[in-house]
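So the structure is just underneath, and the comments pick up after that.
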Amino acid sequence: MPRIPERIPFNVPEAHGAEATYVRKAVEGGALSGNGTFGRLCAEWLQRRSGTARAFMTSSCSAALEMSTRLAGVGPGDEVIMPSFTFVSTASAVVRCGGRPVFVDIDPETFNLDPVAVANAIGPRTRAISVVHYGGVAADMQAIMDVARRAGLIVVEDAAHCVGATWRGRALGTIGDLGTLSFHDTKNLQCGEGGALLVNEPALVPEAEIMLNRGTNRAQFARGEVDRYTWVGEGSNYLMSELNAAYLWAQFEQADAVTEARRALWRTYWEAFAELERQGTVQRPVVPDECEHNAHIFALLLPDRARRDALIAALDEQGVQAVFHYVPLHSSPAGRKLGREGGSLAVTDDISDRLVRLPLWAGLGEERVARVIASVRTALGACAVAV
Ligand SMILES: *Cc1c(COP(=O)(O)O)cnc(C)c1O
């Protein structure tokens with residue numbers, strides 16, 4: 001029997017050490033709701049590492065995005081400018097406040113918001129800009145913040161991909177007024193389902209705290225600032241449970257090791273595909289000098305959709321799971337109904353047709369990376385003949 005090589009999945013949600021120990025500790029501690037010992041450790045770590053005014057642990061990045069849209073004052077009829085090339089949560093957070101996503105085009109190299117397209121899409125109903133940093137590579141924050149400040153708009157950074165990534169030395173998610181992180185099990189650091197809200201504008205902290213605590217002043221009560229707690233504002237339950245926080249704390253302890261391991265594998269891919277790029281077969285990722293990325297994604301661009309799809313199919317046959325990214329939101333059924341296009345989306349459509357992401361997780365290892373690289377080379381050789 002020929003040996004069938006092990007399949008290489010696109011992502012593996014890994015434990016890095018003390019996850020089970022800390023979850024057991026949380027269970028033995030007997031208090032499993034939000035804002036517990038591990039929850040506070042996680043929030044303080046994010047504050048210390050990022051420099052944000054206040055970090056709140058949430059049940060997901062989607063929950064943090066909903067809070068952000070509310071805190072930005074988005075209401076019925078208001079518009080929020082965002083890329084179409086993003087995950088649905090960026091847009092659905094706006095829709096859930098009664099607002100309308102306005103989809104604009106992206107830069108063809110970083111796949112992030114094009115600041116000129118943003119400026120052109122601003123209208124009388126525009127309230128905020130939602131920035132996504134694709135793969136932990138920062139958008140052009142200088143230009144975007146300039147546009148936002150001139151127009152008096154709030155900036156929300158959907159930094160779901162970004163833990164450990166910086167722009168001009170600043171943590172992504174801390175440059176706009178509000179930032180959100182994801183700890184979903186597809187992200188660099190994970191606890192199954194989880195997220196965080198970074199409130200960078202100190203004036204928004206009290207309202208965020210009430211919103212997070214189901215519309216009550218329970219946090220103030222816990223600090224002894226009021227003698228009873230009650231319903232004081234709009235809110236819901238957006239808290240991360242202590243079980244998730246315990247798991248996540250173990251991941252935070254290994255954050256630097258995880259980022260370094262991913263970056264090393266990312267660099268191996270990057271170097272290996274230099275020759276194919278020179279031949280014009282693929283295009284490698286572009287990281288601007290002012291960005292330190294966190295190796296969340298390694299994506300190649302193929303010359304056209306047919307060759308991209310053929311590569312994914314050929315890799316699958318060789319036991320390598322590679323995946324496309326984002327059906328653009330402006331072309332999705334809900335996006336067409338609930339949002340609108342703020343100018344041409346030609347770059348978005350083009351990138352979405354041609355992009356492929358290769359397997360990447362901290363424990364992937366150089367041996368498997370070498371197998372993925374060899375499989376890509378074989379597949380592209382075969383595709384070149386087939387197309
Ligand atoms: C993963 C992701 C989200 C959603 O994160 P959850 O924690 O799953 O809610 C939002 N935006 C982007 C860009 C993402 O990649």
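Residues are referred to by chain and number: the chain letter is A, B, ... according to the order shown in the structure tokens, the number counts from 1 in that chain, and ligands are numbered separately from 1 in the order shown.
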Picked from stretch 21-250 of chain A by DSSP as strand (DSSP E), as an mmCIF file with C-alpha atoms, in the first residue's frame:
data_model
loop_
_atom_site.group_PDB
_atom_site.id
_atom_site.type_symbol
_atom_site.label_atom_id
_atom_site.label_comp_id
_atom_site.auth_asym_id
_atom_site.auth_seq_id
_atom_site.Cartn_x
_atom_site.Cartn_y
_atom_site.Cartn_z
ATOM 1 C CA ARG A 54 -9.567 50.662 28.177
ATOM 2 C CA ALA A 55 -9.913 47.090 26.945
ATOM 3 C CA PHE A 56 -13.096 45.069 27.516
ATOM 4 C CA MET A 57 -13.234 41.320 26.924
ATOM 5 C CA THR A 58 -16.287 40.398 24.844
ATOM 6 C CA GLU A 79 -24.051 55.465 6.836
ATOM 7 C CA VAL A 80 -20.736 53.826 7.674
ATOM 8 C CA ILE A 81 -18.001 53.613 5.040
ATOM 9 C CA MET A 82 -16.161 50.282 4.946
ATOM 10 C CA PRO A 83 -14.451 47.888 2.569
ATOM 11 C CA ARG A 100 -26.348 51.353 6.128
ATOM 12 C CA PRO A 101 -22.923 50.036 5.096
ATOM 13 C CA VAL A 102 -21.357 51.945 2.197
ATOM 14 C CA PHE A 103 -18.857 49.725 0.404
ATOM 15 C CA VAL A 104 -15.745 51.275 -1.095
ATOM 16 C CA THR A 126 -21.929 59.467 6.806
ATOM 17 C CA ARG A 127 -21.250 58.955 10.489
ATOM 18 C CA ALA A 128 -18.205 56.688 10.730
ATOM 19 C CA ILE A 129 -15.492 54.808 8.878
ATOM 20 C CA SER A 130 -14.841 51.138 9.621
ATOM 21 C CA VAL A 131 -11.263 50.149 8.770
ATOM 22 C CA VAL A 132 -10.196 46.518 8.317
ATOM 23 C CA ILE A 154 -15.585 58.404 14.097
ATOM 24 C CA VAL A 155 -13.086 55.702 13.118
ATOM 25 C CA VAL A 156 -13.647 52.078 14.148
ATOM 26 C CA GLU A 157 -10.821 49.644 13.449
ATOM 27 C CA ASP A 158 -11.992 46.102 12.809
ATOM 28 C CA THR A 166 1.587 47.353 14.639
ATOM 29 C CA TRP A 167 1.641 50.488 12.458
ATOM 30 C CA ARG A 170 1.328 51.454 17.522
ATOM 31 C CA ALA A 171 -0.870 48.388 18.074
ATOM 32 C CA LEU A 178 -12.489 52.333 18.839
ATOM 33 C CA GLY A 179 -10.920 49.005 17.897
ATOM 34 C CA THR A 180 -12.067 45.398 17.986
ATOM 35 C CA LEU A 181 -10.123 42.130 18.217
ATOM 36 C CA SER A 182 -11.214 38.538 17.587
ATOM 37 C CA GLY A 195 -13.195 39.120 21.301
ATOM 38 C CA ALA A 196 -12.233 42.448 22.799
ATOM 39 C CA LEU A 197 -13.259 46.064 22.488
ATOM 40 C CA LEU A 198 -10.486 48.660 22.703
ATOM 41 C CA VAL A 199 -11.849 52.065 23.690
#
Near A:Glu14, within 10 Å and counting only C-alpha atoms, which residues show up once chain neighbours fewer than 5 positions away are dropped, as an MDAnalysis selection string? chainID A and resid 19 185:186 188:191 251 361:363
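When the distance limit is 8 Å and only C-alpha atoms are what count, the residues near A:Gly98, minus those fewer than 6 positions from it on the same chain, are A:Val74, A:Gly75, A:Pro76, A:Gly77, A:Asp78.
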Could you write those residues out with N, CA, C and O atoms, as a short mmCIF file (atom, residue, chain, number, x, y, z; two decimals), in the first residue's frame?
data_model
loop_
_atom_site.label_atom_id
_atom_site.label_comp_id
_atom_site.auth_asym_id
_atom_site.auth_seq_id
_atom_site.Cartn_x
_atom_site.Cartn_y
_atom_site.Cartn_z
N VAL A 74 -24.14 55.56 15.68
CA VAL A 74 -24.81 55.20 14.43
C VAL A 74 -26.26 54.80 14.73
O VAL A 74 -26.51 53.97 15.60
N GLY A 75 -27.19 55.42 14.02
CA GLY A 75 -28.60 55.10 14.19
C GLY A 75 -29.27 54.96 12.84
O GLY A 75 -28.60 54.98 11.80
N PRO A 76 -30.60 54.78 12.83
CA PRO A 76 -31.35 54.57 11.58
C PRO A 76 -31.02 55.63 10.52
O PRO A 76 -31.03 56.83 10.81
N GLY A 77 -30.68 55.15 9.34
CA GLY A 77 -30.40 56.05 8.21
C GLY A 77 -28.95 56.51 8.12
O GLY A 77 -28.54 57.05 7.11
N ASP A 78 -28.19 56.31 9.17
CA ASP A 78 -26.78 56.73 9.13
C ASP A 78 -25.96 55.76 8.29
O ASP A 78 -26.26 54.57 8.21
#
List all protein, DNA and RNA residues that have any atom at most 8 Å from ligand 1, counting only C-alpha atoms and all ligand atoms, and write the list as a list in words. Ser59, Ser60, Cys61, Ser62, Ala63, Ala64, Leu65, Thr86, Phe87, Val88, Ser89, Thr90, Val132, His133, Tyr134, Asp158, Ala159, Ala160, His161, Leu181, Ser182, Phe183, His184, Thr186, Lys187, Glu193, Gly194 and Gly195 of chain A
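If you measure from each of A:Phe85, A:Phe221, A:Phe298, A:Trp266 to A:Val323 using only C-alpha atoms, the closest one turns out to be A:Phe298.
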Residues of stretch 72-192 of chain A in alpha helix (DSSP H), written as a PDB file with all heavy atoms, in the first residue's frame:
ATOM      1  N   VAL A  88     -18.456  39.457   7.092  1.00  0.00           N
ATOM      2  CA  VAL A  88     -19.803  40.030   7.221  1.00  0.00           C
ATOM      3  C   VAL A  88     -20.001  40.852   8.493  1.00  0.00           C
ATOM      4  O   VAL A  88     -20.781  41.813   8.499  1.00  0.00           O
ATOM      5  CB  VAL A  88     -20.898  38.942   7.187  1.00  0.00           C
ATOM      6  CG1 VAL A  88     -20.917  38.225   5.860  1.00  0.00           C
ATOM      7  CG2 VAL A  88     -20.715  37.930   8.292  1.00  0.00           C
ATOM      8  N   SER A  89     -19.292  40.508   9.576  1.00  0.00           N
ATOM      9  CA  SER A  89     -19.553  41.179  10.862  1.00  0.00           C
ATOM     10  C   SER A  89     -19.311  42.687  10.793  1.00  0.00           C
ATOM     11  O   SER A  89     -19.978  43.447  11.501  1.00  0.00           O
ATOM     12  CB  SER A  89     -18.665  40.592  11.958  1.00  0.00           C
ATOM     13  OG  SER A  89     -18.919  39.219  12.088  1.00  0.00           O
ATOM     14  N   THR A  90     -18.347  43.123   9.974  1.00  0.00           N
ATOM     15  CA  THR A  90     -18.072  44.558   9.841  1.00  0.00           C
ATOM     16  C   THR A  90     -19.354  45.272   9.423  1.00  0.00           C
ATOM     17  O   THR A  90     -19.690  46.343   9.935  1.00  0.00           O
ATOM     18  CB  THR A  90     -16.969  44.802   8.776  1.00  0.00           C
ATOM     19  OG1 THR A  90     -15.977  43.787   8.865  1.00  0.00           O
ATOM     20  CG2 THR A  90     -16.347  46.170   8.923  1.00  0.00           C
ATOM     21  N   ALA A  91     -20.076  44.675   8.492  1.00  0.00           N
ATOM     22  CA  ALA A  91     -21.292  45.291   7.953  1.00  0.00           C
ATOM     23  C   ALA A  91     -22.516  45.016   8.816  1.00  0.00           C
ATOM     24  O   ALA A  91     -23.342  45.906   9.048  1.00  0.00           O
ATOM     25  CB  ALA A  91     -21.532  44.801   6.529  1.00  0.00           C
ATOM     26  N   SER A  92     -22.643  43.792   9.326  1.00  0.00           N
ATOM     27  CA  SER A  92     -23.874  43.468  10.061  1.00  0.00           C
ATOM     28  C   SER A  92     -23.961  44.259  11.364  1.00  0.00           C
ATOM     29  O   SER A  92     -25.050  44.579  11.823  1.00  0.00           O
ATOM     30  CB  SER A  92     -23.999  41.962  10.301  1.00  0.00           C
ATOM     31  OG  SER A  92     -22.939  41.492  11.075  1.00  0.00           O
ATOM     32  N   ALA A  93     -22.811  44.638  11.927  1.00  0.00           N
ATOM     33  CA  ALA A  93     -22.825  45.472  13.139  1.00  0.00           C
ATOM     34  C   ALA A  93     -23.526  46.802  12.862  1.00  0.00           C
ATOM     35  O   ALA A  93     -24.238  47.339  13.720  1.00  0.00           O
ATOM     36  CB  ALA A  93     -21.398  45.726  13.621  1.00  0.00           C
ATOM     37  N   VAL A  94     -23.342  47.326  11.665  1.00  0.00           N
ATOM     38  CA  VAL A  94     -23.962  48.600  11.282  1.00  0.00           C
ATOM     39  C   VAL A  94     -25.455  48.409  11.028  1.00  0.00           C
ATOM     40  O   VAL A  94     -26.293  49.196  11.490  1.00  0.00           O
ATOM     41  CB  VAL A  94     -23.253  49.167  10.028  1.00  0.00           C
ATOM     42  CG1 VAL A  94     -24.004  50.355   9.458  1.00  0.00           C
ATOM     43  CG2 VAL A  94     -21.801  49.526  10.369  1.00  0.00           C
ATOM     44  N   VAL A  95     -25.774  47.333  10.334  1.00  0.00           N
ATOM     45  CA  VAL A  95     -27.176  47.058  10.007  1.00  0.00           C
ATOM     46  C   VAL A  95     -28.000  46.862  11.285  1.00  0.00           C
ATOM     47  O   VAL A  95     -29.141  47.296  11.383  1.00  0.00           O
ATOM     48  CB  VAL A  95     -27.265  45.814   9.086  1.00  0.00           C
ATOM     49  CG1 VAL A  95     -28.698  45.323   8.940  1.00  0.00           C
ATOM     50  CG2 VAL A  95     -26.661  46.146   7.718  1.00  0.00           C
ATOM     51  N   PRO A 115      -7.926  55.296   0.697  1.00  0.00           N
ATOM     52  CA  PRO A 115      -8.342  56.554   1.337  1.00  0.00           C
ATOM     53  C   PRO A 115      -9.038  57.525   0.374  1.00  0.00           C
ATOM     54  O   PRO A 115      -9.929  58.270   0.787  1.00  0.00           O
ATOM     55  CB  PRO A 115      -7.032  57.162   1.843  1.00  0.00           C
ATOM     56  CG  PRO A 115      -6.059  56.040   1.885  1.00  0.00           C
ATOM     57  CD  PRO A 115      -6.474  55.066   0.833  1.00  0.00           C
ATOM     58  N   VAL A 116      -8.657  57.509  -0.900  1.00  0.00           N
ATOM     59  CA  VAL A 116      -9.300  58.397  -1.873  1.00  0.00           C
ATOM     60  C   VAL A 116     -10.745  57.949  -2.094  1.00  0.00           C
ATOM     61  O   VAL A 116     -11.670  58.772  -2.138  1.00  0.00           O
ATOM     62  CB  VAL A 116      -8.511  58.408  -3.209  1.00  0.00           C
ATOM     63  CG1 VAL A 116      -9.245  59.242  -4.258  1.00  0.00           C
ATOM     64  CG2 VAL A 116      -7.093  58.929  -2.986  1.00  0.00           C
ATOM     65  N   ALA A 117     -10.956  56.650  -2.190  1.00  0.00           N
ATOM     66  CA  ALA A 117     -12.316  56.117  -2.350  1.00  0.00           C
ATOM     67  C   ALA A 117     -13.160  56.448  -1.120  1.00  0.00           C
ATOM     68  O   ALA A 117     -14.350  56.766  -1.241  1.00  0.00           O
ATOM     69  CB  ALA A 117     -12.267  54.603  -2.560  1.00  0.00           C
ATOM     70  N   VAL A 118     -12.539  56.418   0.059  1.00  0.00           N
ATOM     71  CA  VAL A 118     -13.256  56.770   1.293  1.00  0.00           C
ATOM     72  C   VAL A 118     -13.712  58.225   1.215  1.00  0.00           C
ATOM     73  O   VAL A 118     -14.890  58.539   1.438  1.00  0.00           O
ATOM     74  CB  VAL A 118     -12.360  56.554   2.536  1.00  0.00           C
ATOM     75  CG1 VAL A 118     -13.026  57.123   3.787  1.00  0.00           C
ATOM     76  CG2 VAL A 118     -12.047  55.067   2.727  1.00  0.00           C
ATOM     77  N   ALA A 119     -12.778  59.119   0.883  1.00  0.00           N
ATOM     78  CA  ALA A 119     -13.105  60.552   0.822  1.00  0.00           C
ATOM     79  C   ALA A 119     -14.230  60.803  -0.176  1.00  0.00           C
ATOM     80  O   ALA A 119     -15.158  61.581   0.096  1.00  0.00           O
ATOM     81  CB  ALA A 119     -11.859  61.356   0.454  1.00  0.00           C
ATOM     82  N   ASN A 120     -14.183  60.120  -1.312  1.00  0.00           N
ATOM     83  CA  ASN A 120     -15.196  60.331  -2.353  1.00  0.00           C
ATOM     84  C   ASN A 120     -16.576  59.814  -1.953  1.00  0.00           C
ATOM     85  O   ASN A 120     -17.578  60.228  -2.525  1.00  0.00           O
ATOM     86  CB  ASN A 120     -14.766  59.643  -3.662  1.00  0.00           C
ATOM     87  CG  ASN A 120     -13.601  60.369  -4.309  1.00  0.00           C
ATOM     88  OD1 ASN A 120     -13.363  61.547  -4.024  1.00  0.00           O
ATOM     89  ND2 ASN A 120     -12.869  59.671  -5.161  1.00  0.00           N
ATOM     90  N   ALA A 121     -16.625  58.893  -1.003  1.00  0.00           N
ATOM     91  CA  ALA A 121     -17.905  58.274  -0.631  1.00  0.00           C
ATOM     92  C   ALA A 121     -18.608  59.010   0.516  1.00  0.00           C
ATOM     93  O   ALA A 121     -19.733  58.663   0.876  1.00  0.00           O
ATOM     94  CB  ALA A 121     -17.683  56.811  -0.252  1.00  0.00           C
ATOM     95  N   MET A 141      -3.315  54.431   7.680  1.00  0.00           N
ATOM     96  CA  MET A 141      -4.028  55.107   8.766  1.00  0.00           C
ATOM     97  C   MET A 141      -3.797  56.610   8.784  1.00  0.00           C
ATOM     98  O   MET A 141      -4.654  57.365   9.238  1.00  0.00           O
ATOM     99  CB  MET A 141      -3.676  54.479  10.119  1.00  0.00           C
ATOM    100  CG  MET A 141      -4.273  53.100  10.329  1.00  0.00           C
ATOM    101  SD  MET A 141      -6.051  53.031   9.982  1.00  0.00           S
ATOM    102  CE  MET A 141      -6.755  53.808  11.448  1.00  0.00           C
ATOM    103  N   GLN A 142      -2.631  57.062   8.290  1.00  0.00           N
ATOM    104  CA  GLN A 142      -2.394  58.510   8.238  1.00  0.00           C
ATOM    105  C   GLN A 142      -3.471  59.160   7.360  1.00  0.00           C
ATOM    106  O   GLN A 142      -4.165  60.086   7.781  1.00  0.00           O
ATOM    107  CB  GLN A 142      -0.997  58.792   7.670  1.00  0.00           C
ATOM    108  CG  GLN A 142      -0.647  60.263   7.661  1.00  0.00           C
ATOM    109  CD  GLN A 142      -0.454  60.800   9.072  1.00  0.00           C
ATOM    110  OE1 GLN A 142       0.386  60.322   9.812  1.00  0.00           O
ATOM    111  NE2 GLN A 142      -1.249  61.791   9.447  1.00  0.00           N
ATOM    112  N   ALA A 143      -3.607  58.657   6.145  1.00  0.00           N
ATOM    113  CA  ALA A 143      -4.560  59.249   5.193  1.00  0.00           C
ATOM    114  C   ALA A 143      -5.996  59.076   5.680  1.00  0.00           C
ATOM    115  O   ALA A 143      -6.809  59.999   5.578  1.00  0.00           O
ATOM    116  CB  ALA A 143      -4.376  58.604   3.823  1.00  0.00           C
ATOM    117  N   ILE A 144      -6.318  57.896   6.233  1.00  0.00           N
ATOM    118  CA  ILE A 144      -7.703  57.642   6.660  1.00  0.00           C
ATOM    119  C   ILE A 144      -8.071  58.518   7.858  1.00  0.00           C
ATOM    120  O   ILE A 144      -9.155  59.111   7.906  1.00  0.00           O
ATOM    121  CB  ILE A 144      -7.911  56.142   6.962  1.00  0.00           C
ATOM    122  CG1 ILE A 144      -7.860  55.355   5.648  1.00  0.00           C
ATOM    123  CG2 ILE A 144      -9.238  55.889   7.673  1.00  0.00           C
ATOM    124  CD1 ILE A 144      -7.749  53.850   5.810  1.00  0.00           C
ATOM    125  N   MET A 145      -7.148  58.644   8.824  1.00  0.00           N
ATOM    126  CA  MET A 145      -7.438  59.496   9.989  1.00  0.00           C
ATOM    127  C   MET A 145      -7.569  60.961   9.554  1.00  0.00           C
ATOM    128  O   MET A 145      -8.400  61.697  10.090  1.00  0.00           O
ATOM    129  CB  MET A 145      -6.368  59.344  11.071  1.00  0.00           C
ATOM    130  CG  MET A 145      -6.321  57.983  11.762  1.00  0.00           C
ATOM    131  SD  MET A 145      -7.881  57.392  12.446  1.00  0.00           S
ATOM    132  CE  MET A 145      -8.149  58.557  13.789  1.00  0.00           C
ATOM    133  N   ASP A 146      -6.748  61.388   8.586  1.00  0.00           N
ATOM    134  CA  ASP A 146      -6.859  62.766   8.084  1.00  0.00           C
ATOM    135  C   ASP A 146      -8.230  63.017   7.472  1.00  0.00           C
ATOM    136  O   ASP A 146      -8.889  64.023   7.776  1.00  0.00           O
ATOM    137  CB  ASP A 146      -5.767  63.038   7.025  1.00  0.00           C
ATOM    138  CG  ASP A 146      -4.382  63.211   7.654  1.00  0.00           C
ATOM    139  OD1 ASP A 146      -4.304  63.310   8.904  1.00  0.00           O
ATOM    140  OD2 ASP A 146      -3.386  63.233   6.893  1.00  0.00           O
ATOM    141  N   VAL A 147      -8.682  62.098   6.619  1.00  0.00           N
ATOM    142  CA  VAL A 147      -9.999  62.223   5.982  1.00  0.00           C
ATOM    143  C   VAL A 147     -11.084  62.270   7.061  1.00  0.00           C
ATOM    144  O   VAL A 147     -11.987  63.111   7.043  1.00  0.00           O
ATOM    145  CB  VAL A 147     -10.260  61.027   5.022  1.00  0.00           C
ATOM    146  CG1 VAL A 147     -11.724  60.959   4.606  1.00  0.00           C
ATOM    147  CG2 VAL A 147      -9.356  61.109   3.804  1.00  0.00           C
ATOM    148  N   ALA A 148     -10.974  61.358   8.054  1.00  0.00           N
ATOM    149  CA  ALA A 148     -12.004  61.263   9.105  1.00  0.00           C
ATOM    150  C   ALA A 148     -12.053  62.537   9.943  1.00  0.00           C
ATOM    151  O   ALA A 148     -13.134  63.060  10.235  1.00  0.00           O
ATOM    152  CB  ALA A 148     -11.718  60.058   9.987  1.00  0.00           C
ATOM    153  N   ARG A 149     -10.880  63.037  10.325  1.00  0.00           N
ATOM    154  CA  ARG A 149     -10.858  64.222  11.190  1.00  0.00           C
ATOM    155  C   ARG A 149     -11.406  65.441  10.459  1.00  0.00           C
ATOM    156  O   ARG A 149     -12.133  66.245  11.035  1.00  0.00           O
ATOM    157  CB  ARG A 149      -9.431  64.490  11.705  1.00  0.00           C
ATOM    158  CG  ARG A 149      -8.908  63.429  12.687  1.00  0.00           C
ATOM    159  CD  ARG A 149      -9.830  63.242  13.905  1.00  0.00           C
ATOM    160  NE  ARG A 149      -9.360  62.179  14.791  1.00  0.00           N
ATOM    161  CZ  ARG A 149     -10.102  61.134  15.177  1.00  0.00           C
ATOM    162  NH1 ARG A 149     -11.353  61.010  14.767  1.00  0.00           N
ATOM    163  NH2 ARG A 149      -9.606  60.233  15.995  1.00  0.00           N
ATOM    164  N   ARG A 150     -11.044  65.567   9.170  1.00  0.00           N
ATOM    165  CA  ARG A 150     -11.557  66.708   8.384  1.00  0.00           C
ATOM    166  C   ARG A 150     -13.072  66.661   8.300  1.00  0.00           C
ATOM    167  O   ARG A 150     -13.730  67.698   8.348  1.00  0.00           O
ATOM    168  CB  ARG A 150     -10.963  66.682   6.967  1.00  0.00           C
ATOM    169  CG  ARG A 150      -9.673  67.486   6.834  1.00  0.00           C
ATOM    170  CD  ARG A 150      -9.390  67.888   5.392  1.00  0.00           C
ATOM    171  NE  ARG A 150      -9.328  66.755   4.483  1.00  0.00           N
ATOM    172  CZ  ARG A 150      -8.235  65.995   4.318  1.00  0.00           C
ATOM    173  NH1 ARG A 150      -7.129  66.274   4.983  1.00  0.00           N
ATOM    174  NH2 ARG A 150      -8.259  64.988   3.476  1.00  0.00           N
ATOM    175  N   ALA A 151     -13.639  65.447   8.180  1.00  0.00           N
ATOM    176  CA  ALA A 151     -15.088  65.316   8.002  1.00  0.00           C
ATOM    177  C   ALA A 151     -15.824  65.107   9.332  1.00  0.00           C
ATOM    178  O   ALA A 151     -17.047  64.971   9.344  1.00  0.00           O
ATOM    179  CB  ALA A 151     -15.379  64.162   7.045  1.00  0.00           C
TER     180      ALA A 151
END
Have a look at A:Leu380, A:Gly335, A:Gly73, A:Gly192 and name the one nearest to A:Leu243; count only C-alpha atoms. A:Gly192
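Interatomic distance, atom CA of A:Asn244 to atom CA of A:Arg7: 29.1 Å.
Taking atom CA of A:Thr174 and atom CA of A:Leu153 as the two end points, the separation is 16.1 Å.
Counting from atom CA of A:Arg368, the distance to atom CA of A:Glu292 is 24.9 Å.
Comparing A:Thr216, A:Asn11, A:Thr37, A:Thr52 by their smallest distance to A:Trp249, the closest is A:Thr37 (using only C-alpha atoms).
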